[in-house]
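Contents: one structure, followed by commentary.
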Amino acid sequence: MSARDEILRKVRSAIAGTTPVTTPVQPPPGATAPDLVAHFAERVADYRAVVVRTDPGGLAAAVADSLPAGVRVVVPPGLGDLVPGAVIDAGLTAVELDAVDAVVTRCRVGIAETGTIVLDHEPDQGRRAITLVPDLHVCIVDAGQVVADVPDAFAHLDPRRPLTWISGPSATSDIELDRVEGVHGPRVLWVIVVEPAAPRPGEAAG
Amino acid sequence: MTGTFVGMPKFPVAAREALGDAQLRHNLAHATGTIRGKRLRLIDEVNASTPEGTAWEELRLAGAAVKERALLSLGDQLEQLEANLVANGATVHWARDAAEANAIVARVAKAHDVDEVVKVKSMVTQEIDLNEALEAEGIAAWETDLAELIVQLGGDLPSHILVPAIHRNRAEIRDIFLRRMGETGRPAPADLTDDPAILAGAAREHLREKFLRARMAVSGANFAIADTGTLVVVESEGNGRMCLTLPDVLVSVVGIEKVVPTWTELDPLLRLLPRSSTGERMNPYTSTWTGVTPGDGPQEVHVVLLDNGRTRALADETGRQALRCIRCSACLNVCPVYERTGGHAYGSVYPGPIGAILNPLLKGVGHDEQVDSLPYASSLCGACFEACPVRIDIPSVLVDQRAQVVDARRGGRPSGEELAMRAGAAALSDARRLALGERFAGVGIRLARRLPGLPGLRGWTSARDLPDPPTESFRAWWKRTDGGRRPDPTGEQR
């Protein structure tokens, strides 16, 4: 008998006589807040990320402010013309990315309660590697992308896409459970929240 | 380089040694105390989010229900998971035990002619001793989680599910980095201090060259979503993202109990895990991937579905709930026994209260003294059950496991405890024998106190004082005073 068949046979015999539940569990609703964008900004800052709030007209300047003079910047192909002089990623190797200082992207969803940004790596965010290897990640969040809590985020996310949930800069608590920011991922996370929200088709702005 | 738990003494012996280590006890008390406080503050925050104040308990119920639902339909869930993984370009392997799983990983490595792999922290690959198996095949496995790196470089054993180097303080870690990093790659800078940020920086430099050149990674998975074929890794440092993203080949070893039936049922688990584990609203990084994504990340993805005793645990009606465990380690952090002995005394990669039930459930009782000693490594105080985000009733399983250990060991020469219980039963079942026993109890206790420890009963008497013997038995007192109605000239109260 193959390992597969034997394991499945043992599983089925172990649970024989029990009654399976066929309907998915309905989890309780998440937390809410009167001002989602303010709540999001506060919770992101809690992780010692930098949070800047601006309007669509101030975006280019806010991006420029986030990038120290002379740094090498990579951007995903779908970001548009927001960072003059940036390298547009077209499959840079890990070693090439290691020579880049910063990356500027958008995101799919921001979660207010947990201060989380979720990337689904569409062209305005790029391949997973480009938001990982450079030491500074500048992420632009449209106010309309901010949802209240984790269950609300699930409604916007497609599991067939690779997803990266980011809550603050890379960190560890492995030494005496003392939290230290900055291990392997970007050591600085710079979040730019753009208000008012850009209109999203078929949806009320959050 | 890594140690092994094979041949560990049983819990009481190992615990006694650990208790003598003042540094260890200090490190543990500090670390578990910190994380307990953080966790409780966040639970209060969740409860304050609704007027009823019960949101955390509702989340726990949902989390438990999701995992229970997965377990009670596990055969169908696994087939669905496999079909969705394959449909998305992954190769699925099944492994009955550690040897089969290790052989699969080694085979993939050899097919790509690699002599090293980078690893995401994973309990299951520790459970199967994958690093040692790969080393025997000439393949180096580099642990990339900071605590795992500390353990690996120190030739040490993990002592906590979340923070495997919780038993080490910053000065010890600095010393390990200075002495050992140079042996396997970039050495630590000579002016290394014991500031945690500086130590983390040294780990970043040491591991980066390995991440950049690695062609194959090995991971576990926190969750495997059946209806989409999505795997989930929850982490903090970004080493997980490095391993899951940069190499060409990714092998994930996943215990069959990791299944979550549907994508949206992941939601309560992602709300419960970080708060219970590190005491954060959300951990820094969570990665999800579904098979192969063309042009992004590993283009060859393998998933090894592992049994290794899980079907045995699943067949145990009381114990099966242990398979709900999401490896948060909250039960370790609240356990008065764990806080004093640390993780090594449990002789397994799964220490603490969950380890005390999981090890016997996975391995079976009655053939290994060390495993059989674990269900007794508890005072049954119940703190673990209260802390568990998926409501595993650890105390009830412990009691059930104790009964199974006793049953498995019945027959043969009776133990001292059994003899004492039999003598007790004989005395209590007959009034005359009880009267006789009472009369001699005082003599017995006084005699026992002079002995260094009665053979066969030492396990009981070494940690407990005998009570002062009464000057007369209850029966003698009753007779003399007519049940208290006659004045008692000695003035003694009963």
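Identifiers for the structure tokens are assigned positionally: chains receive A, B, ... in sequence, residues are indexed from 1 per chain, and ligands are indexed from 1 in the order shown.
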Taking the DSSP secondary structure from the backbone, can you list the residues of segment 35-175 of chain A that are strand (DSSP E), as an MDAnalysis selection string?
chainID A and resid 50:54 73:75 87:88 102:106 109:111 116:119 136:142 146:147 163:166 171:172
Next, the residues of the selection above should be written as a compact mmCIF listing (two decimals), in the first residue's frame with N, CA, C and O atoms.
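Saved the output as out_9.txt:
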```txt
# COMPACT_ATOMS: atom_id res chain seq x y z
N VAL A 50 7.45 54.26 10.21
CA VAL A 50 7.20 55.68 9.98
C VAL A 50 5.87 55.80 9.24
O VAL A 50 5.63 55.08 8.28
N VAL A 51 4.98 56.68 9.70
CA VAL A 51 3.70 56.87 9.02
C VAL A 51 3.55 58.34 8.64
O VAL A 51 3.73 59.22 9.48
N VAL A 52 3.25 58.58 7.37
CA VAL A 52 3.06 59.94 6.87
C VAL A 52 1.68 59.99 6.22
O VAL A 52 1.30 59.09 5.49
N ARG A 53 0.91 61.06 6.52
CA ARG A 53 -0.40 61.20 5.87
C ARG A 53 -0.34 62.39 4.92
O ARG A 53 0.16 63.45 5.27
N THR A 54 -0.87 62.19 3.71
CA THR A 54 -0.81 63.26 2.72
C THR A 54 -2.04 63.18 1.83
O THR A 54 -2.88 62.29 1.98
N VAL A 73 17.06 53.08 -5.86
CA VAL A 73 15.67 52.69 -5.61
C VAL A 73 15.19 51.76 -6.72
O VAL A 73 15.48 51.98 -7.89
N VAL A 74 14.45 50.72 -6.33
CA VAL A 74 13.80 49.86 -7.31
C VAL A 74 12.28 50.05 -7.16
O VAL A 74 11.78 50.29 -6.06
N VAL A 75 11.58 50.00 -8.29
CA VAL A 75 10.11 50.09 -8.24
C VAL A 75 9.52 48.97 -9.10
O VAL A 75 10.15 48.51 -10.05
N VAL A 87 15.12 52.25 -10.67
CA VAL A 87 15.23 51.09 -11.55
C VAL A 87 13.88 50.38 -11.55
O VAL A 87 13.31 50.10 -10.49
N ILE A 88 13.36 50.10 -12.74
CA ILE A 88 12.11 49.35 -12.82
C ILE A 88 12.44 47.86 -12.85
O ILE A 88 13.21 47.42 -13.69
N ALA A 102 16.45 50.83 -1.55
CA ALA A 102 15.06 51.09 -1.19
C ALA A 102 14.12 50.60 -2.28
O ALA A 102 14.52 50.41 -3.43
N VAL A 103 12.87 50.38 -1.89
CA VAL A 103 11.83 49.98 -2.83
C VAL A 103 10.57 50.79 -2.52
O VAL A 103 10.28 51.06 -1.35
N VAL A 104 9.85 51.22 -3.55
CA VAL A 104 8.60 51.94 -3.37
C VAL A 104 7.49 51.15 -4.05
O VAL A 104 7.61 50.79 -5.23
N THR A 105 6.42 50.83 -3.30
CA THR A 105 5.31 50.05 -3.87
C THR A 105 3.98 50.60 -3.36
O THR A 105 3.93 51.42 -2.46
N ARG A 106 2.92 50.08 -3.95
CA ARG A 106 1.60 50.24 -3.37
C ARG A 106 1.26 48.96 -2.61
O ARG A 106 2.14 48.12 -2.40
N VAL A 109 -4.34 45.94 0.62
CA VAL A 109 -5.25 46.23 1.74
C VAL A 109 -4.43 46.73 2.93
O VAL A 109 -3.29 46.30 3.13
N GLY A 110 -5.00 47.65 3.69
CA GLY A 110 -4.44 48.02 4.98
C GLY A 110 -5.44 47.62 6.06
O GLY A 110 -6.64 47.85 5.90
N ILE A 111 -4.97 47.03 7.14
CA ILE A 111 -5.87 46.59 8.21
C ILE A 111 -5.66 47.49 9.42
O ILE A 111 -4.58 47.51 10.02
N THR A 116 -1.70 46.42 9.78
CA THR A 116 -1.08 45.52 8.81
C THR A 116 -1.29 46.02 7.38
O THR A 116 -2.35 46.54 7.05
N ILE A 117 -0.26 45.82 6.55
CA ILE A 117 -0.36 46.09 5.12
C ILE A 117 -0.29 44.75 4.41
O ILE A 117 0.57 43.93 4.74
N VAL A 118 -1.20 44.51 3.47
CA VAL A 118 -1.13 43.25 2.74
C VAL A 118 -0.80 43.53 1.28
O VAL A 118 -1.47 44.34 0.62
N LEU A 119 0.25 42.86 0.79
CA LEU A 119 0.63 42.95 -0.62
C LEU A 119 0.11 41.70 -1.33
O LEU A 119 0.22 40.59 -0.78
N LEU A 136 14.97 49.50 2.91
CA LEU A 136 13.90 50.47 3.17
C LEU A 136 12.71 50.16 2.25
O LEU A 136 12.87 50.09 1.04
N HIS A 137 11.53 49.94 2.84
CA HIS A 137 10.33 49.72 2.05
C HIS A 137 9.39 50.90 2.25
O HIS A 137 8.92 51.14 3.37
N VAL A 138 9.15 51.64 1.18
CA VAL A 138 8.18 52.73 1.21
C VAL A 138 6.90 52.20 0.59
O VAL A 138 6.90 51.76 -0.57
N CYS A 139 5.81 52.20 1.36
CA CYS A 139 4.56 51.60 0.88
C CYS A 139 3.45 52.65 0.89
O CYS A 139 3.19 53.29 1.91
N ILE A 140 2.83 52.83 -0.26
CA ILE A 140 1.75 53.82 -0.40
C ILE A 140 0.41 53.13 -0.20
O ILE A 140 0.09 52.14 -0.87
N VAL A 141 -0.36 53.64 0.75
CA VAL A 141 -1.67 53.05 1.05
C VAL A 141 -2.73 54.09 0.76
O VAL A 141 -2.71 55.20 1.31
N ASP A 142 -3.65 53.76 -0.12
CA ASP A 142 -4.77 54.65 -0.38
C ASP A 142 -5.78 54.51 0.76
O ASP A 142 -6.06 53.39 1.21
N VAL A 146 -8.08 50.93 3.29
CA VAL A 146 -8.00 50.57 4.71
C VAL A 146 -9.32 49.94 5.16
O VAL A 146 -10.39 50.53 4.99
N VAL A 147 -9.23 48.75 5.74
CA VAL A 147 -10.40 48.07 6.28
C VAL A 147 -10.25 47.98 7.80
O VAL A 147 -9.17 48.22 8.34
N LEU A 163 0.57 36.17 -1.11
CA LEU A 163 0.27 37.33 -0.26
C LEU A 163 1.37 37.51 0.78
O LEU A 163 1.90 36.54 1.30
N THR A 164 1.69 38.78 1.06
CA THR A 164 2.64 39.09 2.13
C THR A 164 1.96 40.07 3.07
O THR A 164 1.61 41.18 2.66
N TRP A 165 1.74 39.64 4.30
CA TRP A 165 1.14 40.51 5.33
C TRP A 165 2.30 41.12 6.09
O TRP A 165 3.13 40.40 6.66
N ILE A 166 2.34 42.45 6.13
CA ILE A 166 3.46 43.14 6.76
C ILE A 166 2.94 43.99 7.92
O ILE A 166 2.08 44.84 7.74
N ALA A 171 11.44 42.17 12.66
CA ALA A 171 11.73 42.26 14.09
C ALA A 171 12.01 40.89 14.65
O ALA A 171 11.68 39.88 14.05
N THR A 172 12.63 40.87 15.81
CA THR A 172 12.81 39.61 16.52
C THR A 172 12.68 39.86 18.01
O THR A 172 12.95 40.94 18.49
```
Mind checking DSSP for chain A and telling me the alpha helix (DSSP H) residues as a PDB file with N, CA and C atoms, in the first residue's frame?
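Once everything was written out, this is states-v5.pdb:
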```
ATOM      1  N   ALA A   3       2.203   5.103   0.733  1.00  0.00           N
ATOM      2  CA  ALA A   3       2.130   5.915   1.954  1.00  0.00           C
ATOM      3  C   ALA A   3       0.833   6.714   1.954  1.00  0.00           C
ATOM      4  N   ARG A   4       0.491   7.254   0.786  1.00  0.00           N
ATOM      5  CA  ARG A   4      -0.727   8.059   0.680  1.00  0.00           C
ATOM      6  C   ARG A   4      -1.956   7.254   1.091  1.00  0.00           C
ATOM      7  N   ASP A   5      -2.101   6.067   0.498  1.00  0.00           N
ATOM      8  CA  ASP A   5      -3.281   5.264   0.793  1.00  0.00           C
ATOM      9  C   ASP A   5      -3.298   4.818   2.250  1.00  0.00           C
ATOM     10  N   GLU A   6      -2.117   4.486   2.775  1.00  0.00           N
ATOM     11  CA  GLU A   6      -2.088   4.015   4.156  1.00  0.00           C
ATOM     12  C   GLU A   6      -2.444   5.142   5.132  1.00  0.00           C
ATOM     13  N   ILE A   7      -1.912   6.343   4.878  1.00  0.00           N
ATOM     14  CA  ILE A   7      -2.230   7.469   5.772  1.00  0.00           C
ATOM     15  C   ILE A   7      -3.725   7.792   5.696  1.00  0.00           C
ATOM     16  N   LEU A   8      -4.256   7.843   4.491  1.00  0.00           N
ATOM     17  CA  LEU A   8      -5.685   8.166   4.356  1.00  0.00           C
ATOM     18  C   LEU A   8      -6.559   7.086   5.000  1.00  0.00           C
ATOM     19  N   ARG A   9      -6.134   5.823   4.869  1.00  0.00           N
ATOM     20  CA  ARG A   9      -6.903   4.741   5.491  1.00  0.00           C
ATOM     21  C   ARG A   9      -6.887   4.897   7.024  1.00  0.00           C
ATOM     22  N   LYS A  10      -5.689   5.186   7.571  1.00  0.00           N
ATOM     23  CA  LYS A  10      -5.578   5.354   9.026  1.00  0.00           C
ATOM     24  C   LYS A  10      -6.377   6.561   9.509  1.00  0.00           C
ATOM     25  N   VAL A  11      -6.334   7.650   8.745  1.00  0.00           N
ATOM     26  CA  VAL A  11      -7.106   8.844   9.115  1.00  0.00           C
ATOM     27  C   VAL A  11      -8.580   8.495   9.183  1.00  0.00           C
ATOM     28  N   ARG A  12      -9.066   7.808   8.156  1.00  0.00           N
ATOM     29  CA  ARG A  12     -10.507   7.532   8.092  1.00  0.00           C
ATOM     30  C   ARG A  12     -10.915   6.552   9.185  1.00  0.00           C
ATOM     31  N   SER A  13     -10.038   5.607   9.500  1.00  0.00           N
ATOM     32  CA  SER A  13     -10.418   4.669  10.552  1.00  0.00           C
ATOM     33  C   SER A  13     -10.361   5.359  11.921  1.00  0.00           C
ATOM     34  N   ALA A  14      -9.454   6.341  12.079  1.00  0.00           N
ATOM     35  CA  ALA A  14      -9.351   7.050  13.362  1.00  0.00           C
ATOM     36  C   ALA A  14     -10.592   7.880  13.657  1.00  0.00           C
ATOM     37  N   LEU A  36     -11.192  55.033  10.672  1.00  0.00           N
ATOM     38  CA  LEU A  36     -10.331  53.899  10.317  1.00  0.00           C
ATOM     39  C   LEU A  36      -8.923  54.324   9.933  1.00  0.00           C
ATOM     40  N   VAL A  37      -8.820  55.424   9.178  1.00  0.00           N
ATOM     41  CA  VAL A  37      -7.501  55.830   8.687  1.00  0.00           C
ATOM     42  C   VAL A  37      -6.610  56.273   9.854  1.00  0.00           C
ATOM     43  N   ALA A  38      -7.200  57.023  10.775  1.00  0.00           N
ATOM     44  CA  ALA A  38      -6.421  57.455  11.946  1.00  0.00           C
ATOM     45  C   ALA A  38      -5.998  56.247  12.785  1.00  0.00           C
ATOM     46  N   HIS A  39      -6.926  55.303  12.928  1.00  0.00           N
ATOM     47  CA  HIS A  39      -6.656  54.091  13.700  1.00  0.00           C
ATOM     48  C   HIS A  39      -5.527  53.298  13.036  1.00  0.00           C
ATOM     49  N   PHE A  40      -5.618  53.176  11.710  1.00  0.00           N
ATOM     50  CA  PHE A  40      -4.585  52.471  10.943  1.00  0.00           C
ATOM     51  C   PHE A  40      -3.223  53.135  11.158  1.00  0.00           C
ATOM     52  N   ALA A  41      -3.191  54.461  11.020  1.00  0.00           N
ATOM     53  CA  ALA A  41      -1.920  55.184  11.148  1.00  0.00           C
ATOM     54  C   ALA A  41      -1.314  54.978  12.537  1.00  0.00           C
ATOM     55  N   GLU A  42      -2.172  55.022  13.546  1.00  0.00           N
ATOM     56  CA  GLU A  42      -1.690  54.861  14.923  1.00  0.00           C
ATOM     57  C   GLU A  42      -1.141  53.448  15.166  1.00  0.00           C
ATOM     58  N   ARG A  43      -1.864  52.456  14.639  1.00  0.00           N
ATOM     59  CA  ARG A  43      -1.450  51.070  14.868  1.00  0.00           C
ATOM     60  C   ARG A  43      -0.179  50.714  14.076  1.00  0.00           C
ATOM     61  N   VAL A  44      -0.016  51.272  12.882  1.00  0.00           N
ATOM     62  CA  VAL A  44       1.215  51.027  12.114  1.00  0.00           C
ATOM     63  C   VAL A  44       2.400  51.649  12.855  1.00  0.00           C
ATOM     64  N   ALA A  45       2.169  52.862  13.373  1.00  0.00           N
ATOM     65  CA  ALA A  45       3.250  53.558  14.083  1.00  0.00           C
ATOM     66  C   ALA A  45       3.652  52.816  15.356  1.00  0.00           C
ATOM     67  N   ASP A  46       2.695  52.086  15.940  1.00  0.00           N
ATOM     68  CA  ASP A  46       2.966  51.276  17.132  1.00  0.00           C
ATOM     69  C   ASP A  46       4.110  50.289  16.925  1.00  0.00           C
ATOM     70  N   LEU A  59       1.600  63.506  -2.812  1.00  0.00           N
ATOM     71  CA  LEU A  59       2.190  62.166  -2.817  1.00  0.00           C
ATOM     72  C   LEU A  59       3.634  62.158  -3.319  1.00  0.00           C
ATOM     73  N   ALA A  60       3.865  62.812  -4.461  1.00  0.00           N
ATOM     74  CA  ALA A  60       5.217  62.768  -5.049  1.00  0.00           C
ATOM     75  C   ALA A  60       6.244  63.337  -4.069  1.00  0.00           C
ATOM     76  N   ALA A  61       5.860  64.431  -3.404  1.00  0.00           N
ATOM     77  CA  ALA A  61       6.787  65.040  -2.446  1.00  0.00           C
ATOM     78  C   ALA A  61       6.997  64.130  -1.244  1.00  0.00           C
ATOM     79  N   ALA A  62       5.921  63.464  -0.799  1.00  0.00           N
ATOM     80  CA  ALA A  62       6.038  62.558   0.347  1.00  0.00           C
ATOM     81  C   ALA A  62       6.953  61.385   0.012  1.00  0.00           C
ATOM     82  N   VAL A  63       6.855  60.897  -1.219  1.00  0.00           N
ATOM     83  CA  VAL A  63       7.741  59.802  -1.638  1.00  0.00           C
ATOM     84  C   VAL A  63       9.188  60.290  -1.664  1.00  0.00           C
ATOM     85  N   ALA A  64       9.382  61.472  -2.241  1.00  0.00           N
ATOM     86  CA  ALA A  64      10.744  62.016  -2.308  1.00  0.00           C
ATOM     87  C   ALA A  64      11.334  62.186  -0.909  1.00  0.00           C
ATOM     88  N   ASP A  65      10.480  62.641   0.046  1.00  0.00           N
ATOM     89  CA  ASP A  65      10.937  62.820   1.432  1.00  0.00           C
ATOM     90  C   ASP A  65      11.383  61.514   2.087  1.00  0.00           C
ATOM     91  N   SER A  66      10.760  60.411   1.669  1.00  0.00           N
ATOM     92  CA  SER A  66      11.046  59.127   2.326  1.00  0.00           C
ATOM     93  C   SER A  66      12.391  58.550   1.892  1.00  0.00           C
ATOM     94  N   ALA A  94      18.682  38.189  -6.843  1.00  0.00           N
ATOM     95  CA  ALA A  94      18.771  38.512  -5.416  1.00  0.00           C
ATOM     96  C   ALA A  94      20.034  39.327  -5.136  1.00  0.00           C
ATOM     97  N   VAL A  95      21.123  38.956  -5.786  1.00  0.00           N
ATOM     98  CA  VAL A  95      22.380  39.682  -5.567  1.00  0.00           C
ATOM     99  C   VAL A  95      22.262  41.122  -6.075  1.00  0.00           C
ATOM    100  N   GLU A  96      21.614  41.294  -7.220  1.00  0.00           N
ATOM    101  CA  GLU A  96      21.405  42.656  -7.739  1.00  0.00           C
ATOM    102  C   GLU A  96      20.509  43.459  -6.798  1.00  0.00           C
ATOM    103  N   LEU A  97      19.479  42.814  -6.271  1.00  0.00           N
ATOM    104  CA  LEU A  97      18.580  43.514  -5.342  1.00  0.00           C
ATOM    105  C   LEU A  97      19.305  43.897  -4.057  1.00  0.00           C
ATOM    106  N   ASP A  98      20.289  43.091  -3.672  1.00  0.00           N
ATOM    107  CA  ASP A  98      21.039  43.361  -2.452  1.00  0.00           C
ATOM    108  C   ASP A  98      21.835  44.663  -2.571  1.00  0.00           C
ATOM    109  N   VAL A 150      -9.075  42.066  10.508  1.00  0.00           N
ATOM    110  CA  VAL A 150      -8.631  40.925   9.702  1.00  0.00           C
ATOM    111  C   VAL A 150      -9.768  40.293   8.877  1.00  0.00           C
ATOM    112  N   PRO A 151     -10.958  40.034   9.466  1.00  0.00           N
ATOM    113  CA  PRO A 151     -11.997  39.403   8.643  1.00  0.00           C
ATOM    114  C   PRO A 151     -12.386  40.259   7.437  1.00  0.00           C
ATOM    115  N   ASP A 152     -12.343  41.576   7.587  1.00  0.00           N
ATOM    116  CA  ASP A 152     -12.681  42.461   6.463  1.00  0.00           C
ATOM    117  C   ASP A 152     -11.643  42.339   5.360  1.00  0.00           C
ATOM    118  N   ALA A 153     -10.381  42.111   5.732  1.00  0.00           N
ATOM    119  CA  ALA A 153      -9.324  41.989   4.731  1.00  0.00           C
ATOM    120  C   ALA A 153      -9.532  40.760   3.859  1.00  0.00           C
ATOM    121  N   PHE A 154     -10.019  39.678   4.471  1.00  0.00           N
ATOM    122  CA  PHE A 154     -10.200  38.445   3.698  1.00  0.00           C
ATOM    123  C   PHE A 154     -11.111  38.654   2.495  1.00  0.00           C
TER     124      PHE A 154
END
```
I need the chain B residues near chain A as a PyMOL selection string; criterion: at most 7 Å, counting only C-alpha atoms.
chain B and resi 31+49+58-59+62+65-66+69+72-75+94-96+146-147+163+166+169-170+196-197+200-201+204+212+228+230+236-239+245-246+264-265+267-268+281-290+296-297+307+311+314-315
Selected residues written out, C-alpha atoms, as a PDB file, in the first residue's frame:
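Ended up saving to result_28.pdb:
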```pdb
ATOM      1  CA  ALA B  31      11.214  35.795  29.504  1.00  0.00           C
ATOM      2  CA  SER B  49     -13.814  45.933  21.490  1.00  0.00           C
ATOM      3  CA  GLU B  58     -15.754  33.869  20.900  1.00  0.00           C
ATOM      4  CA  LEU B  59     -12.544  33.882  18.864  1.00  0.00           C
ATOM      5  CA  ALA B  62     -14.225  29.783  16.490  1.00  0.00           C
ATOM      6  CA  ALA B  65     -14.265  24.818  15.872  1.00  0.00           C
ATOM      7  CA  VAL B  66     -12.263  25.379  12.672  1.00  0.00           C
ATOM      8  CA  ARG B  69     -13.989  20.546  11.840  1.00  0.00           C
ATOM      9  CA  LEU B  72     -13.245  15.279  11.871  1.00  0.00           C
ATOM     10  CA  SER B  73     -13.192  15.341   8.069  1.00  0.00           C
ATOM     11  CA  LEU B  74      -9.439  15.038   7.664  1.00  0.00           C
ATOM     12  CA  GLY B  75      -9.465  12.338   4.994  1.00  0.00           C
ATOM     13  CA  TRP B  94       3.175  11.560   1.529  1.00  0.00           C
ATOM     14  CA  ALA B  95       5.370  10.321   4.373  1.00  0.00           C
ATOM     15  CA  ARG B  96       4.319   7.752   6.955  1.00  0.00           C
ATOM     16  CA  LEU B 146      17.710  33.881  15.048  1.00  0.00           C
ATOM     17  CA  ALA B 147      16.909  31.606  17.978  1.00  0.00           C
ATOM     18  CA  VAL B 163      11.861  31.023  21.175  1.00  0.00           C
ATOM     19  CA  ILE B 166      14.832  31.164  25.568  1.00  0.00           C
ATOM     20  CA  ASN B 169      20.773  35.229  27.863  1.00  0.00           C
ATOM     21  CA  ARG B 170      22.453  37.932  25.789  1.00  0.00           C
ATOM     22  CA  PRO B 196      20.278  42.541  21.293  1.00  0.00           C
ATOM     23  CA  ALA B 197      20.183  44.933  18.290  1.00  0.00           C
ATOM     24  CA  ALA B 200      20.590  40.657  15.557  1.00  0.00           C
ATOM     25  CA  GLY B 201      22.728  42.708  13.166  1.00  0.00           C
ATOM     26  CA  ARG B 204      21.718  39.469   9.524  1.00  0.00           C
ATOM     27  CA  LEU B 212      21.601  35.145  -1.575  1.00  0.00           C
ATOM     28  CA  THR B 228      -7.391  26.577  -2.217  1.00  0.00           C
ATOM     29  CA  THR B 230      -2.560  27.605   0.020  1.00  0.00           C
ATOM     30  CA  SER B 236       8.821  37.832  12.514  1.00  0.00           C
ATOM     31  CA  GLU B 237      12.295  38.303  11.144  1.00  0.00           C
ATOM     32  CA  GLY B 238      11.943  38.000   7.384  1.00  0.00           C
ATOM     33  CA  ASN B 239      14.109  34.883   7.254  1.00  0.00           C
ATOM     34  CA  THR B 245      10.998  33.727  -2.060  1.00  0.00           C
ATOM     35  CA  LEU B 246      14.651  33.658  -3.182  1.00  0.00           C
ATOM     36  CA  THR B 264     -11.929  32.354   5.213  1.00  0.00           C
ATOM     37  CA  GLU B 265     -11.641  29.982   8.190  1.00  0.00           C
ATOM     38  CA  ASP B 267      -9.248  34.420   9.718  1.00  0.00           C
ATOM     39  CA  PRO B 268      -9.884  33.538  13.386  1.00  0.00           C
ATOM     40  CA  ARG B 281      -1.657  42.257  17.372  1.00  0.00           C
ATOM     41  CA  MET B 282      -0.026  40.794  14.303  1.00  0.00           C
ATOM     42  CA  ASN B 283       3.379  39.258  13.696  1.00  0.00           C
ATOM     43  CA  PRO B 284       5.669  41.245  11.354  1.00  0.00           C
ATOM     44  CA  TYR B 285       5.352  38.895   8.379  1.00  0.00           C
ATOM     45  CA  THR B 286       2.846  36.324   7.183  1.00  0.00           C
ATOM     46  CA  SER B 287       3.443  34.713   3.787  1.00  0.00           C
ATOM     47  CA  THR B 288       0.865  32.717   1.868  1.00  0.00           C
ATOM     48  CA  TRP B 289       1.497  30.946  -1.416  1.00  0.00           C
ATOM     49  CA  THR B 290      -0.480  28.601  -3.591  1.00  0.00           C
ATOM     50  CA  ASP B 296       7.684  35.125  -8.678  1.00  0.00           C
ATOM     51  CA  GLY B 297       9.415  32.951  -6.090  1.00  0.00           C
ATOM     52  CA  ASP B 307       1.829  11.384   9.521  1.00  0.00           C
ATOM     53  CA  THR B 311      -3.138   9.229  12.930  1.00  0.00           C
ATOM     54  CA  LEU B 314      -6.352  11.221  15.923  1.00  0.00           C
ATOM     55  CA  ALA B 315      -7.688   7.812  16.959  1.00  0.00           C
TER      56      ALA B 315
END
```
For segment 154-156 of chain B, work out the shell of residues within 12 Å, counting only C-alpha atoms and skipping chain neighbours fewer than 5 positions away, then give it as number ranges by chain.
B: 1-5, 147-149, 164-168, 172-181, 183, 344, 349
Atom CA of Pro12 of chain B and atom CA of Ala356 of chain B are how many Å apart?
12.7 Å
Quick one: residues within 9 Å of segment 113-123 of chain B, only C-alpha atoms, excluding same-chain residues fewer than 6 positions away - as an MDAnalysis selection string?
chainID B and resid 134 137:145 147:148 161 210:211 214:222 233 235 239:244 247 253 327 349:350
Can I get the selection written as a compact mmCIF listing (two decimals), in the first residue's frame, with C-alpha atoms?
```txt
# COMPACT_ATOMS: atom_id res chain seq x y z
CA LEU B 134 20.50 15.73 5.58
CA GLU B 137 23.68 12.71 3.13
CA GLY B 138 26.32 15.42 2.90
CA ILE B 139 23.80 18.29 2.77
CA ALA B 140 24.18 21.20 5.18
CA ALA B 141 20.92 22.62 6.57
CA TRP B 142 21.27 26.23 7.73
CA GLU B 143 18.77 27.37 10.34
CA THR B 144 17.89 31.00 9.63
CA ASP B 145 15.62 31.96 12.52
CA ALA B 147 16.91 31.61 17.98
CA GLU B 148 17.39 28.48 15.86
CA ILE B 161 8.37 26.28 20.68
CA LYS B 210 23.51 32.16 2.62
CA PHE B 211 20.14 33.58 1.54
CA ALA B 214 20.79 29.33 -1.66
CA ARG B 215 19.13 27.33 -4.42
CA MET B 216 16.84 25.28 -2.19
CA ALA B 217 14.84 26.03 0.94
CA VAL B 218 12.99 23.84 3.42
CA SER B 219 10.03 25.13 5.42
CA GLY B 220 7.13 23.90 7.45
CA ALA B 221 3.73 25.55 7.34
CA ASN B 222 1.54 26.99 10.06
CA VAL B 233 4.01 30.70 7.18
CA GLU B 235 7.09 34.71 11.23
CA ASN B 239 14.11 34.88 7.25
CA GLY B 240 10.97 33.00 6.32
CA ARG B 241 10.27 35.36 3.42
CA MET B 242 13.89 34.99 2.28
CA CYS B 243 13.58 31.21 2.19
CA LEU B 244 10.12 31.19 0.63
CA PRO B 247 15.59 30.00 -3.88
CA VAL B 253 7.10 19.54 5.30
CA ARG B 327 2.14 25.91 18.18
CA VAL B 349 11.05 19.45 20.59
CA TYR B 350 7.52 19.85 21.97
```
With a distance cut-off of 10 Å and only C-alpha atoms, select the neighbouring residues of Leu130 of chain B, excluding the residue or stretch itself and same-chain residues fewer than 4 positions from it, and output the selection as a VMD selection string.
chain B and resid 98 to 99 101 to 103 105 to 106 124 to 126 134 to 136 141 218 253
